[in-house]
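S.K.: Supplied structure: work.cif, mmCIF, C-alpha atoms.
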```
data_entry
loop_
_atom_site.label_atom_id
_atom_site.label_comp_id
_atom_site.auth_asym_id
_atom_site.auth_seq_id
_atom_site.Cartn_x
_atom_site.Cartn_y
_atom_site.Cartn_z
CA MET N 10 -23.85 2.01 16.77
CA ASN N 11 -21.70 5.14 16.83
CA CYS N 12 -18.31 4.71 15.18
CA LYS N 13 -15.72 7.32 16.07
CA HIS N 14 -14.47 7.20 12.49
CA PHE N 15 -17.68 7.24 10.46
CA GLY N 16 -20.61 8.15 12.69
CA SER N 17 -23.63 5.87 12.88
CA CYS N 18 -23.45 3.27 10.14
CA GLY N 19 -24.29 0.03 11.93
CA SER N 20 -21.75 -1.94 9.92
CA CYS N 21 -19.63 -3.33 12.75
CA GLY N 22 -19.27 -3.78 16.48
CA LEU N 23 -15.54 -3.23 16.71
CA TYR N 24 -15.79 -0.24 19.02
CA GLU N 25 -17.59 -2.30 21.63
CA ILE N 26 -14.16 -3.73 22.52
CA GLY N 27 -10.83 -2.02 23.12
CA TYR N 28 -7.89 -2.09 20.76
CA GLU N 29 -5.89 -4.62 22.79
CA GLU N 30 -8.78 -7.08 22.61
CA GLN N 31 -9.13 -6.46 18.86
CA LEU N 32 -5.42 -7.16 18.42
CA LYS N 33 -5.69 -10.34 20.51
CA GLN N 34 -8.56 -11.61 18.35
CA LYS N 35 -6.52 -11.03 15.19
CA GLU N 36 -3.54 -12.81 16.73
CA GLU N 37 -5.70 -15.80 17.60
CA ARG N 38 -7.13 -15.89 14.07
CA VAL N 39 -3.73 -15.79 12.35
CA SER N 40 -2.17 -18.23 14.82
CA GLY N 41 -5.02 -20.65 14.21
CA LEU N 42 -4.60 -20.51 10.45
CA LEU N 43 -0.84 -21.03 10.69
CA ALA N 44 -1.00 -23.73 13.39
CA PRO N 45 -0.82 -26.68 10.94
CA PHE N 46 2.44 -25.30 9.53
CA TYR N 47 4.10 -23.43 12.40
CA GLN N 48 4.19 -24.12 16.12
CA GLY N 49 6.43 -21.23 17.14
CA SER N 50 5.36 -17.90 18.56
CA LEU N 51 3.75 -15.31 16.32
CA GLU N 52 5.49 -11.93 16.37
CA VAL N 53 2.78 -9.25 16.62
CA PHE N 54 3.25 -5.70 15.34
CA ASP N 55 0.59 -3.29 16.51
CA SER N 56 -0.45 0.07 15.09
CA PRO N 57 -1.13 3.49 16.51
CA THR N 58 -4.83 3.52 17.35
CA ASP N 59 -5.33 6.98 15.81
CA HIS N 60 -3.68 8.94 12.98
CA TYR N 61 -2.26 5.92 11.20
CA ARG N 62 -3.59 6.03 7.64
CA ALA N 63 -1.62 8.00 5.02
CA ARG N 64 -4.10 7.71 2.18
CA ALA N 65 -7.87 8.02 2.14
CA GLU N 66 -10.77 8.64 -0.20
CA PHE N 67 -13.98 10.40 0.78
CA ARG N 68 -17.25 10.65 -1.07
CA ILE N 69 -18.67 14.17 -1.39
CA TRP N 70 -22.35 14.45 -0.51
CA HIS N 71 -24.29 17.47 -1.78
CA GLU N 72 -27.25 18.72 0.26
CA GLY N 73 -28.46 21.93 -1.32
CA ASP N 74 -25.46 24.28 -1.49
CA VAL N 75 -23.53 22.41 1.21
CA CYS N 76 -20.94 19.71 0.62
CA ASP N 77 -19.92 17.12 3.23
CA TYR N 78 -17.54 14.19 3.39
CA ALA N 79 -19.68 11.08 3.49
CA MET N 80 -19.84 7.33 3.28
CA GLY N 81 -22.60 5.20 1.82
CA ASN N 82 -25.41 4.28 4.17
CA ILE N 83 -25.43 0.58 4.97
CA GLU N 84 -29.15 0.54 4.13
CA LYS N 85 -28.34 2.12 0.75
CA LYS N 86 -30.48 5.16 1.44
CA GLY N 87 -28.56 8.38 1.00
CA ALA N 88 -25.28 8.81 2.86
CA ILE N 89 -23.83 9.31 6.32
CA ASN N 90 -21.85 12.48 6.82
CA ILE N 91 -18.39 12.25 8.37
CA GLU N 92 -17.80 14.83 11.06
CA GLU N 93 -14.37 13.63 12.19
CA CYS N 94 -11.78 11.16 10.96
CA PRO N 95 -9.06 10.38 13.50
CA LYS N 96 -7.80 7.43 11.46
CA VAL N 97 -5.96 9.62 8.91
CA ILE N 98 -2.49 10.93 9.69
CA GLU N 99 -2.25 14.53 10.85
CA PRO N 100 -1.03 15.98 7.50
CA ILE N 101 -4.41 14.89 6.05
CA GLU N 102 -6.57 15.76 9.04
CA LYS N 103 -5.33 19.32 9.36
CA ARG N 104 -6.08 19.98 5.69
CA MET N 105 -9.25 18.02 4.98
CA TRP N 106 -11.56 20.25 7.01
CA LYS N 107 -10.02 23.47 5.69
CA LEU N 108 -10.47 22.07 2.20
CA LEU N 109 -14.15 21.36 2.83
CA GLU N 110 -14.61 24.86 4.22
CA LYS N 111 -13.04 26.35 1.08
CA ILE N 112 -15.18 24.17 -1.18
CA ASN N 113 -18.33 25.33 0.57
CA ALA N 114 -17.21 28.97 0.49
CA SER N 115 -16.46 28.76 -3.24
CA THR N 116 -18.82 29.63 -6.03
CA GLU N 117 -19.72 26.68 -8.24
CA VAL N 118 -16.10 26.52 -9.46
CA LEU N 119 -14.84 24.03 -6.85
CA LYS N 120 -18.05 22.31 -5.79
CA GLN N 121 -19.96 21.83 -9.05
CA ARG N 122 -20.28 18.09 -9.70
CA LEU N 123 -17.48 17.25 -7.29
CA PHE N 124 -18.11 13.66 -6.20
CA ALA N 125 -15.00 12.55 -4.27
CA VAL N 126 -11.71 13.71 -2.79
CA GLU N 127 -8.58 11.55 -2.40
CA PHE N 128 -5.70 12.28 -0.03
CA LEU N 129 -2.14 10.93 -0.18
CA ALA N 130 0.21 12.20 2.53
CA THR N 131 3.59 11.52 4.09
CA THR N 132 5.02 11.51 7.58
CA THR N 133 7.07 14.56 6.51
CA ASP N 134 3.90 16.68 6.00
CA GLU N 135 3.58 16.50 2.22
CA CYS N 136 0.01 16.09 1.01
CA LEU N 137 -1.48 15.51 -2.44
CA ILE N 138 -5.21 16.14 -2.81
CA THR N 139 -7.05 14.82 -5.86
CA MET N 140 -10.51 16.26 -6.53
CA LEU N 141 -12.75 14.08 -8.70
CA TYR N 142 -15.50 15.56 -10.88
CA HIS N 143 -18.34 14.59 -13.18
CA ARG N 144 -17.55 17.53 -15.47
CA LYS N 145 -14.74 18.91 -17.59
CA LEU N 146 -12.29 21.13 -15.70
CA ASP N 147 -11.29 24.46 -17.21
CA ASP N 148 -8.79 27.27 -16.60
CA VAL N 149 -11.12 28.93 -14.10
CA TRP N 150 -11.04 25.77 -11.97
CA SER N 151 -7.25 25.56 -12.29
CA ALA N 152 -6.80 29.17 -11.15
CA GLU N 153 -8.97 28.74 -8.05
CA ALA N 154 -7.45 25.36 -7.20
CA LYS N 155 -3.97 26.85 -7.55
CA GLU N 156 -4.82 29.46 -4.91
CA LEU N 157 -6.10 26.66 -2.72
CA GLU N 158 -2.77 24.82 -3.08
CA SER N 159 -0.99 27.83 -1.59
CA GLU N 160 -3.50 28.30 1.23
CA LEU N 161 -3.36 24.64 2.29
CA ASN N 162 0.38 24.17 1.60
CA CYS N 163 -0.31 21.06 -0.45
CA LYS N 164 -0.45 19.75 -4.00
CA ILE N 165 -3.79 19.60 -5.81
CA MET N 166 -4.87 17.62 -8.86
CA GLY N 167 -8.18 17.49 -10.68
CA ARG N 168 -9.63 14.45 -12.41
CA SER N 169 -12.65 13.93 -14.58
CA ARG N 170 -13.48 11.49 -17.37
CA LYS N 171 -10.46 11.32 -19.71
CA GLN N 172 -8.94 14.38 -18.03
CA LYS N 173 -6.15 14.86 -15.49
CA VAL N 174 -5.13 18.36 -14.40
CA ILE N 175 -1.77 18.52 -12.59
CA LEU N 176 -1.20 21.92 -10.98
CA SER N 177 2.29 21.19 -9.59
CA ASP N 178 3.15 17.51 -9.02
CA GLU N 179 1.29 14.22 -9.11
CA PHE N 180 3.37 12.65 -6.34
CA VAL N 181 4.58 13.08 -2.78
CA THR N 182 8.00 12.16 -1.43
CA GLU N 183 8.08 10.05 1.72
CA LYS N 184 11.14 9.57 3.93
CA LEU N 185 11.17 6.59 6.29
CA ASP N 186 13.72 5.61 8.93
CA ILE N 187 14.17 1.89 8.33
CA ALA N 188 16.67 -0.01 10.49
CA GLY N 189 18.58 3.20 11.18
CA LYS N 190 18.80 4.32 7.55
CA ILE N 191 16.64 6.94 5.80
CA PHE N 192 14.95 5.74 2.61
CA THR N 193 13.25 8.13 0.20
CA TYR N 194 10.20 7.04 -1.77
CA VAL N 195 8.40 8.91 -4.54
CA GLN N 196 4.72 7.93 -4.26
CA TYR N 197 2.45 8.67 -7.23
CA GLU N 198 -1.23 9.55 -6.95
CA SER N 199 -2.42 6.54 -8.93
CA GLY N 200 0.16 4.03 -7.65
CA PHE N 201 -0.10 1.56 -4.79
CA THR N 202 1.39 2.58 -1.45
CA GLN N 203 1.25 0.89 1.94
CA PRO N 204 -1.45 2.81 3.85
CA ASN N 205 0.00 2.66 7.37
CA PRO N 206 3.55 4.12 7.47
CA THR N 207 4.30 3.04 11.04
CA VAL N 208 3.36 -0.59 10.44
CA ASN N 209 4.97 -0.52 7.00
CA VAL N 210 8.34 0.25 8.60
CA LYS N 211 7.84 -2.64 11.03
CA MET N 212 7.03 -4.99 8.12
CA ILE N 213 10.16 -3.99 6.22
CA GLU N 214 12.36 -4.31 9.30
CA TRP N 215 10.95 -7.79 9.95
CA ALA N 216 11.82 -8.76 6.37
CA ILE N 217 15.31 -7.31 6.81
CA LYS N 218 15.77 -9.45 9.92
CA GLN N 219 15.05 -12.56 7.85
CA ALA N 220 17.32 -11.42 5.02
CA LYS N 221 20.21 -10.98 7.44
CA THR N 222 20.06 -14.70 8.28
CA VAL N 223 20.51 -15.65 4.64
CA GLY N 224 23.85 -14.09 3.83
CA LYS N 225 24.51 -13.04 0.25
CA GLY N 226 23.32 -14.47 -3.03
CA ASP N 227 20.78 -12.92 -5.38
CA PHE N 228 17.30 -11.73 -4.48
CA LEU N 229 14.07 -12.14 -6.46
CA GLU N 230 10.95 -10.13 -5.72
CA SER N 231 7.50 -10.39 -7.28
CA TYR N 232 4.83 -7.68 -6.87
CA CYS N 233 7.55 -5.17 -5.98
CA GLY N 234 5.45 -2.02 -6.45
CA LEU N 235 7.49 1.17 -6.07
CA GLY N 236 10.32 -0.69 -4.34
CA ASN N 237 8.94 -0.56 -0.81
CA PHE N 238 10.72 -3.76 0.29
CA THR N 239 13.16 -3.90 -2.62
CA LEU N 240 15.30 -0.90 -1.73
CA PRO N 241 16.03 -1.73 1.94
CA LEU N 242 16.53 -5.45 1.27
CA SER N 243 18.85 -4.84 -1.69
CA HIS N 244 21.66 -3.98 0.76
CA TYR N 245 21.80 -7.61 1.92
CA PHE N 246 22.18 -9.28 -1.51
CA ASP N 247 24.52 -9.22 -4.49
CA LYS N 248 22.01 -8.65 -7.29
CA VAL N 249 18.25 -8.07 -7.26
CA LEU N 250 15.61 -8.80 -9.89
CA ALA N 251 12.23 -7.25 -9.06
CA THR N 252 9.07 -7.61 -11.14
CA GLU N 253 5.85 -5.60 -11.24
CA ILE N 254 3.06 -5.32 -13.81
CA SER N 255 2.20 -1.62 -13.26
CA LYS N 256 4.08 0.83 -15.51
CA ARG N 257 3.56 3.64 -13.01
CA SER N 258 4.98 1.56 -10.15
CA ILE N 259 8.03 0.58 -12.25
CA GLN N 260 8.59 4.26 -13.07
CA ALA N 261 8.45 5.14 -9.36
CA ALA N 262 10.74 2.23 -8.45
CA LEU N 263 13.38 3.39 -10.92
CA GLU N 264 13.17 6.95 -9.58
CA ASN N 265 13.47 5.63 -6.04
CA CYS N 266 16.61 3.68 -6.90
CA THR N 267 18.21 6.89 -8.14
CA LEU N 268 17.06 8.87 -5.10
CA ASN N 269 18.57 6.28 -2.75
CA GLY N 270 21.76 5.61 -4.70
CA VAL N 271 20.93 1.91 -5.15
CA GLU N 272 22.55 0.31 -8.19
CA ASN N 273 22.18 -3.47 -7.81
CA ILE N 274 18.44 -3.71 -8.67
CA THR N 275 17.02 -4.55 -12.09
CA PHE N 276 13.28 -3.97 -12.54
CA ALA N 277 11.21 -5.85 -15.10
CA ARG N 278 7.59 -5.13 -16.02
CA LEU N 279 6.13 -8.61 -15.72
CA ALA N 280 3.06 -10.14 -14.13
CA SER N 281 3.72 -12.93 -11.67
CA GLU N 282 2.71 -15.57 -14.21
CA GLU N 283 4.99 -14.00 -16.84
CA MET N 284 7.89 -13.97 -14.39
CA THR N 285 7.43 -17.70 -13.91
CA GLU N 286 7.36 -18.33 -17.67
CA ALA N 287 10.48 -16.23 -18.21
CA LEU N 288 12.54 -17.80 -15.43
CA ASN N 289 11.52 -21.30 -16.49
CA GLY N 290 12.48 -20.57 -20.10
CA VAL N 291 8.96 -21.26 -21.31
CA ARG N 292 8.57 -17.92 -23.07
CA GLU N 293 10.80 -15.05 -24.18
CA PHE N 294 9.83 -11.43 -23.54
CA SER N 295 11.09 -8.41 -25.47
CA ARG N 296 10.93 -6.51 -22.17
CA LEU N 297 13.76 -8.78 -20.93
CA ARG N 298 16.03 -8.57 -23.96
CA GLU N 299 18.68 -6.62 -22.00
CA ILE N 300 18.45 -8.82 -18.88
CA ASN N 301 20.50 -12.00 -18.61
CA LEU N 302 18.30 -14.20 -16.44
CA GLU N 303 20.88 -16.97 -16.41
CA SER N 304 23.30 -14.70 -14.55
CA TYR N 305 21.17 -14.79 -11.40
CA ASN N 306 21.62 -17.28 -8.58
CA PHE N 307 18.64 -16.62 -6.33
CA SER N 308 19.08 -17.48 -2.66
CA THR N 309 15.93 -15.66 -1.53
CA VAL N 310 12.58 -14.61 -2.92
CA LEU N 311 10.01 -12.19 -1.51
CA VAL N 312 6.39 -12.32 -2.62
CA ASP N 313 3.67 -9.87 -1.56
CA PRO N 314 0.65 -10.95 -3.63
CA PRO N 315 -2.89 -9.53 -3.74
CA ARG N 316 -5.65 -11.04 -1.62
CA ALA N 317 -6.09 -13.95 -4.02
CA GLY N 318 -2.65 -15.24 -3.04
CA LEU N 319 -0.12 -16.96 -5.33
CA ASP N 320 -0.88 -18.72 -8.58
CA GLU N 321 0.23 -22.36 -8.98
CA GLY N 322 3.08 -21.49 -11.33
CA THR N 323 4.61 -19.00 -8.91
CA ILE N 324 4.33 -21.47 -6.04
CA GLU N 325 6.13 -24.08 -8.14
CA LEU N 326 8.84 -21.57 -9.08
CA ILE N 327 9.60 -20.30 -5.58
CA SER N 328 9.55 -23.85 -4.21
CA ASN N 329 12.96 -24.24 -5.86
CA ILE N 330 14.47 -21.24 -4.05
CA GLU N 331 16.23 -21.75 -0.72
CA ASN N 332 14.55 -18.96 1.28
CA ILE N 333 11.07 -17.48 0.92
CA ILE N 334 9.71 -14.32 2.54
CA TYR N 335 5.95 -14.31 2.04
CA ILE N 336 4.04 -11.14 2.99
CA SER N 337 0.28 -11.61 2.87
CA CYS N 338 -2.74 -9.33 3.08
CA ASN N 339 -5.03 -12.35 3.42
CA PRO N 340 -4.15 -15.01 6.03
CA GLU N 341 -6.67 -17.43 4.53
CA THR N 342 -4.91 -17.57 1.15
CA LEU N 343 -1.53 -17.61 2.90
CA ALA N 344 -2.62 -20.75 4.77
CA ARG N 345 -3.85 -22.27 1.50
CA ASP N 346 -0.51 -21.60 -0.23
CA LEU N 347 1.44 -22.97 2.72
CA GLU N 348 -0.21 -26.35 2.22
CA THR N 349 1.96 -26.67 -0.90
CA LEU N 350 5.02 -24.71 0.21
CA VAL N 351 5.61 -26.79 3.37
CA GLN N 352 6.15 -29.83 1.18
CA THR N 353 9.54 -28.34 0.27
CA HIS N 354 10.12 -25.75 3.02
CA ASP N 355 9.84 -25.29 6.77
CA VAL N 356 8.25 -22.19 8.30
CA ILE N 357 11.00 -20.64 10.45
CA GLU N 358 9.37 -17.36 11.55
CA ALA N 359 5.88 -15.86 11.41
CA ALA N 360 4.51 -12.40 12.11
CA MET N 361 1.26 -10.42 12.12
CA TYR N 362 1.00 -6.75 11.18
CA ASP N 363 -2.02 -4.65 12.11
CA GLN N 364 -2.10 -2.33 9.09
CA PHE N 365 -5.82 -1.65 9.55
CA PRO N 366 -6.76 -1.22 13.23
CA HIS N 367 -10.47 -1.15 14.08
CA THR N 368 -11.23 -3.41 11.10
CA THR N 369 -11.18 -7.17 10.63
CA HIS N 370 -8.37 -6.93 8.04
CA VAL N 371 -4.95 -8.20 9.04
CA GLU N 372 -1.62 -8.77 7.28
CA SER N 373 0.88 -11.47 8.06
CA GLY N 374 4.26 -12.78 7.02
CA VAL N 375 6.18 -16.03 7.10
CA PHE N 376 9.82 -16.88 6.48
CA LEU N 377 10.45 -20.31 4.98
CA ARG N 378 13.68 -22.24 4.47
CA LYS N 379 14.16 -25.24 2.20
CA LYS N 380 14.08 -28.60 3.96
#
```
Just dump the structure as structure tokens.

M.R.:
Amino acid sequence: MNCKHFGSCGSCGLYEIGYEEQLKQKEERVSGLLAPFYQGSLEVFDSPTDHYRARAEFRIWHEGDVCDYAMGNIEKKGAINIEECPKVIEPIEKRMWKLLEKINASTEVLKQRLFAVEFLATTTDECLITMLYHRKLDDVWSAEAKELESELNCKIMGRSRKQKVILSDEFVTEKLDIAGKIFTYVQYESGFTQPNPTVNVKMIEWAIKQAKTVGKGDFLESYCGLGNFTLPLSHYFDKVLATEISKRSIQAALENCTLNGVENITFARLASEEMTEALNGVREFSRLREINLESYNFSTVLVDPPRAGLDEGTIELISNIENIIYISCNPETLARDLETLVQTHDVIEAAMYDQFPHTTHVESGVFLRKK
């Protein structure tokens, strides 16, 4: 069938139904999975149907001297060219086609062995473009790419095996209005960011609504990333301990604290399992030598795990904390984890966030309080 995002790929039938029906089907799916644990109404947060995605990666397909954006053919024969992409936000869309035009107009400097292009943009019109190559990049490439930066009013990086060429910056700076307050986030090219800014704000505001019911106390967050939830929620707690395994994300989180004037957050580079070991006193970490874990009295924890959900140790740890905010990118593993968590907690609120319209992917959240 013809997909308005990717042409004729035959991979889904989502465009045979309208967005409202798609949203209803997702709501029914999430409600069904949560039904054994929660009988209340599911709060549903929809997405813009177009221009919603702030990061994207496109394969570059070479046909003679012409380059096109493409996706793999579902039959694994060649590729399908992309002629339009209304899913990306406007700061990407207005540049991506000009970029392709410049690549095709270039000598071999820009197009030779170019195999993919990544875009990272903000709602404030910043855009970082990363061009990926199967060859070493030289000063000639840098000079031509630098001119392209000026023409497109963007930032450009080049990557190849064991090489990263930064022409200006390797990040963009996003500003989001969250619950009436502007938060500034530095977002690095290689770091994780929430892809849908509109729905991301709705997710954070939903979490804030739960935090407001808690009162004070200390706040624990696992999988904190660049501080997406951490910064706004920190205003509702005394002290915050946030953990993340990625060095780049921790670096961004620290920068974001400074940018937003937040001083009550301590970040620790720990995996979820390591956080559990540290807080249970099972193992000491040199990374925590300047952090007094015993000084924290956690009233609330937020977890936002990968699709695999929570490990057993983390579930056991958070089961001892009064309030749990669980953000999930996989409702199936959320339902699995709730089978254990409802032994100690009640599900008070539940929500669904449509981060990825026109796909089967859906995110959800639950707020639990100790029995």

S.K.: Name the closest residue to N:Asn162 among the candidates N:Gly318, N:Ile101, N:Glu183, N:Phe228; distances are taken between atoms, counting all atoms listed in the file.

M.R.: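 Nearest to N:Asn162: N:Ile101.
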
S.K.: What's around N:Glu299 at 12 Å? Count only C-alpha atoms, leave out sequence neighbours fewer than 6 positions away in its own chain, and write the answer as a list in words.

M.R.: Thr275, Phe276, Ala277 and Glu293 of chain N

S.K.: Provide the atom CA of N:Ile357 to atom CA of N:Ser328 distance in Å, to one decimal place.

M.R.: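 We find that atom CA of N:Ile357 and atom CA of N:Ser328 lie 15.1 Å from each other.
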
S.K.: Exactly which residues make up the result of the PyMOL selection byres ((chain N and resi 104) around 10) on this file, given as a ChimeraX atom specification?

M.R.: /N:99-103,105-110,128,136,138,160-163

S.K.: Can you work out the spacing between atom CA of N:Leu129 and atom CA of N:Cys94 in Å, to one decimal?

M.R.: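 Going from atom CA of N:Leu129 over to atom CA of N:Cys94, I get 14.7 Å.
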
S.K.: May I ask which of the residues N:Val174, N:Ala130, N:Val210, N:Leu141 is the closest one to N:Lys155, counting all atoms listed in the file?

M.R.: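 Closest to N:Lys155 of all the choices is N:Val174.
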
S.K.: To one decimal in Å, tell me the separation between atom CA of N:Glu198 and atom CA of N:Ile259.

M.R.: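 Those two atoms sit 13.9 Å apart.
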
S.K.: Counting all atoms listed in the file, note down every residue that has an atom within 10 Å of the point (5.4, -25.3, 4.7) (file coordinates), as a count of residues only.

M.R.: 24

S.K.: Let me make sure I understand: among N:Pro340, N:Gln364, N:Arg345, N:Thr133, which one has the smallest atom-to-atom distance to N:Arg38 if we use all atoms listed in the file?

M.R.: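 Once distances to N:Arg38 are computed over all atoms listed in the file, the minimum belongs to N:Pro340.
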
S.K.: When distances are computed from only C-alpha atoms, which of N:Ala125, N:Leu176, N:Val271, N:Val39 shows the smallest separation from N:Trp70?

M.R.: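 Looking at the shortest contact to N:Trp70, the residue is N:Ala125.
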
S.K.: Translate the PyMOL selection byres ((chain N and resi 305) around 9) into a concrete residue list for this structure, as an mmCIF file with C-alpha atoms, keeping the file's coordinate frame.

M.R.:
```cif
data_model
loop_
_atom_site.group_PDB
_atom_site.id
_atom_site.type_symbol
_atom_site.label_atom_id
_atom_site.label_comp_id
_atom_site.auth_asym_id
_atom_site.auth_seq_id
_atom_site.Cartn_x
_atom_site.Cartn_y
_atom_site.Cartn_z
ATOM 1 C CA GLY N 226 23.320 -14.470 -3.030
ATOM 2 C CA ASP N 227 20.780 -12.920 -5.380
ATOM 3 C CA PHE N 228 17.300 -11.730 -4.480
ATOM 4 C CA LYS N 248 22.010 -8.650 -7.290
ATOM 5 C CA VAL N 249 18.250 -8.070 -7.260
ATOM 6 C CA LEU N 250 15.610 -8.800 -9.890
ATOM 7 C CA ASN N 301 20.500 -12.000 -18.610
ATOM 8 C CA LEU N 302 18.300 -14.200 -16.440
ATOM 9 C CA GLU N 303 20.880 -16.970 -16.410
ATOM 10 C CA SER N 304 23.300 -14.700 -14.550
ATOM 11 C CA ASN N 306 21.620 -17.280 -8.580
ATOM 12 C CA PHE N 307 18.640 -16.620 -6.330
#
```

S.K.: Quick one: residues within 12 Å of stretch 144-147 of chain N, only C-alpha atoms, excluding same-chain residues fewer than 5 positions away - as a list in words?

M.R.: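 Here the qualifying residues turn out to be Glu117, Val118, Leu119, Lys120, Gln121, Arg122, Leu123, Phe124, Ala152, Glu153, Ala154, Met166, Gly167, Arg168, Ser169, Arg170, Lys171, Gln172, Lys173, Val174 and Ile175 of chain N.
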
S.K.: Decode the PyMOL selection byres ((chain N and resi 272) around 12) for the given file into explicit residues and return them as a PyMOL selection string.

M.R.: chain N and resi 239-240+243-244+246-250+262-271+273-276

S.K.: Pick from N:Ala251, N:His143, N:Glu341, N:Glu25: nearest to N:Gly41, with only C-alpha atoms counted?

M.R.: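 Between N:Ala251, N:His143, N:Glu341, N:Glu25, the residue approaching N:Gly41 most closely is N:Glu341.
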
S.K.: Show which residues sit within 10 Å of N:Ser199, as a PyMOL selection string. Count only C-alpha atoms, and ignore same-chain residues fewer than 5 positions away.

M.R.: chain N and resi 129+139+179-180+257-258

S.K.: Which of these residues is nearest to N:Ala317, using only C-alpha atoms: N:Pro366, N:Ile300, N:Leu343, N:Ala216?

M.R.: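 Of the candidates, the smallest distance to N:Ala317 is held by N:Leu343.
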
S.K.: What's the 12 Å shell around N:Thr116, counting all atoms listed in the file, without same-chain residues fewer than 6 positions away, as a PDB file with C-alpha atoms, keeping the file's coordinate frame?

M.R.:
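Result went into selection-v8.pdb, see below:
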```
ATOM      1  CA  ASP N  74     -25.460  24.280  -1.490  1.00  0.00           C
ATOM      2  CA  VAL N  75     -23.530  22.410   1.210  1.00  0.00           C
ATOM      3  CA  VAL N 149     -11.120  28.930 -14.100  1.00  0.00           C
ATOM      4  CA  TRP N 150     -11.040  25.770 -11.970  1.00  0.00           C
ATOM      5  CA  GLU N 153      -8.970  28.740  -8.050  1.00  0.00           C
TER       6      GLU N 153
END
```

S.K.: Would you list the contacts of N:Asn237 as a list in words, taking every protein, DNA or RNA residue within 9 Å and counting all atoms listed in the file, but skipping same-chain residues closer than 5 positions in sequence?

M.R.: Tyr194, Thr202, Gln203, Asn209, Ile213 and Ala262 of chain N

S.K.: From the block you just saw, export stretch 134-138 of chain N: all heavy atoms, as an mmCIF file, in the first residue's frame.

M.R.:
```
data_model
loop_
_atom_site.group_PDB
_atom_site.id
_atom_site.type_symbol
_atom_site.label_atom_id
_atom_site.label_comp_id
_atom_site.auth_asym_id
_atom_site.auth_seq_id
_atom_site.Cartn_x
_atom_site.Cartn_y
_atom_site.Cartn_z
ATOM 1 N N ASP N 134 13.940 25.705 16.346
ATOM 2 C CA ASP N 134 14.535 25.785 15.014
ATOM 3 C C ASP N 134 16.040 25.534 14.973
ATOM 4 O O ASP N 134 16.697 25.874 14.004
ATOM 5 C CB ASP N 134 14.213 27.130 14.336
ATOM 6 C CG ASP N 134 14.393 27.057 12.816
ATOM 7 O OD1 ASP N 134 14.030 26.023 12.226
ATOM 8 O OD2 ASP N 134 14.925 28.022 12.226
ATOM 9 N N GLU N 135 16.612 24.939 16.010
ATOM 10 C CA GLU N 135 17.989 24.466 15.885
ATOM 11 C C GLU N 135 17.970 23.097 15.215
ATOM 12 O O GLU N 135 17.044 22.306 15.422
ATOM 13 C CB GLU N 135 18.666 24.359 17.250
ATOM 14 C CG GLU N 135 19.094 25.680 17.839
ATOM 15 C CD GLU N 135 20.051 25.499 19.010
ATOM 16 O OE1 GLU N 135 20.841 24.532 18.998
ATOM 17 O OE2 GLU N 135 19.999 26.312 19.938
ATOM 18 N N CYS N 136 19.009 22.817 14.432
ATOM 19 C CA CYS N 136 19.074 21.521 13.760
ATOM 20 C C CYS N 136 20.529 21.080 13.635
ATOM 21 O O CYS N 136 21.381 21.854 13.187
ATOM 22 C CB CYS N 136 18.421 21.604 12.380
ATOM 23 S SG CYS N 136 18.297 20.001 11.526
ATOM 24 N N LEU N 137 20.794 19.858 14.047
ATOM 25 C CA LEU N 137 22.107 19.236 13.905
ATOM 26 C C LEU N 137 21.984 18.103 12.896
ATOM 27 O O LEU N 137 21.149 17.210 13.048
ATOM 28 C CB LEU N 137 22.589 18.699 15.252
ATOM 29 C CG LEU N 137 23.885 17.875 15.258
ATOM 30 C CD1 LEU N 137 25.064 18.704 14.765
ATOM 31 C CD2 LEU N 137 24.159 17.328 16.648
ATOM 32 N N ILE N 138 22.821 18.150 11.868
ATOM 33 C CA ILE N 138 22.806 17.137 10.809
ATOM 34 C C ILE N 138 24.118 16.369 10.868
ATOM 35 O O ILE N 138 25.200 16.957 10.813
ATOM 36 C CB ILE N 138 22.639 17.783 9.422
ATOM 37 C CG1 ILE N 138 21.325 18.559 9.344
ATOM 38 C CG2 ILE N 138 22.708 16.723 8.323
ATOM 39 C CD1 ILE N 138 21.168 19.383 8.075
#
```
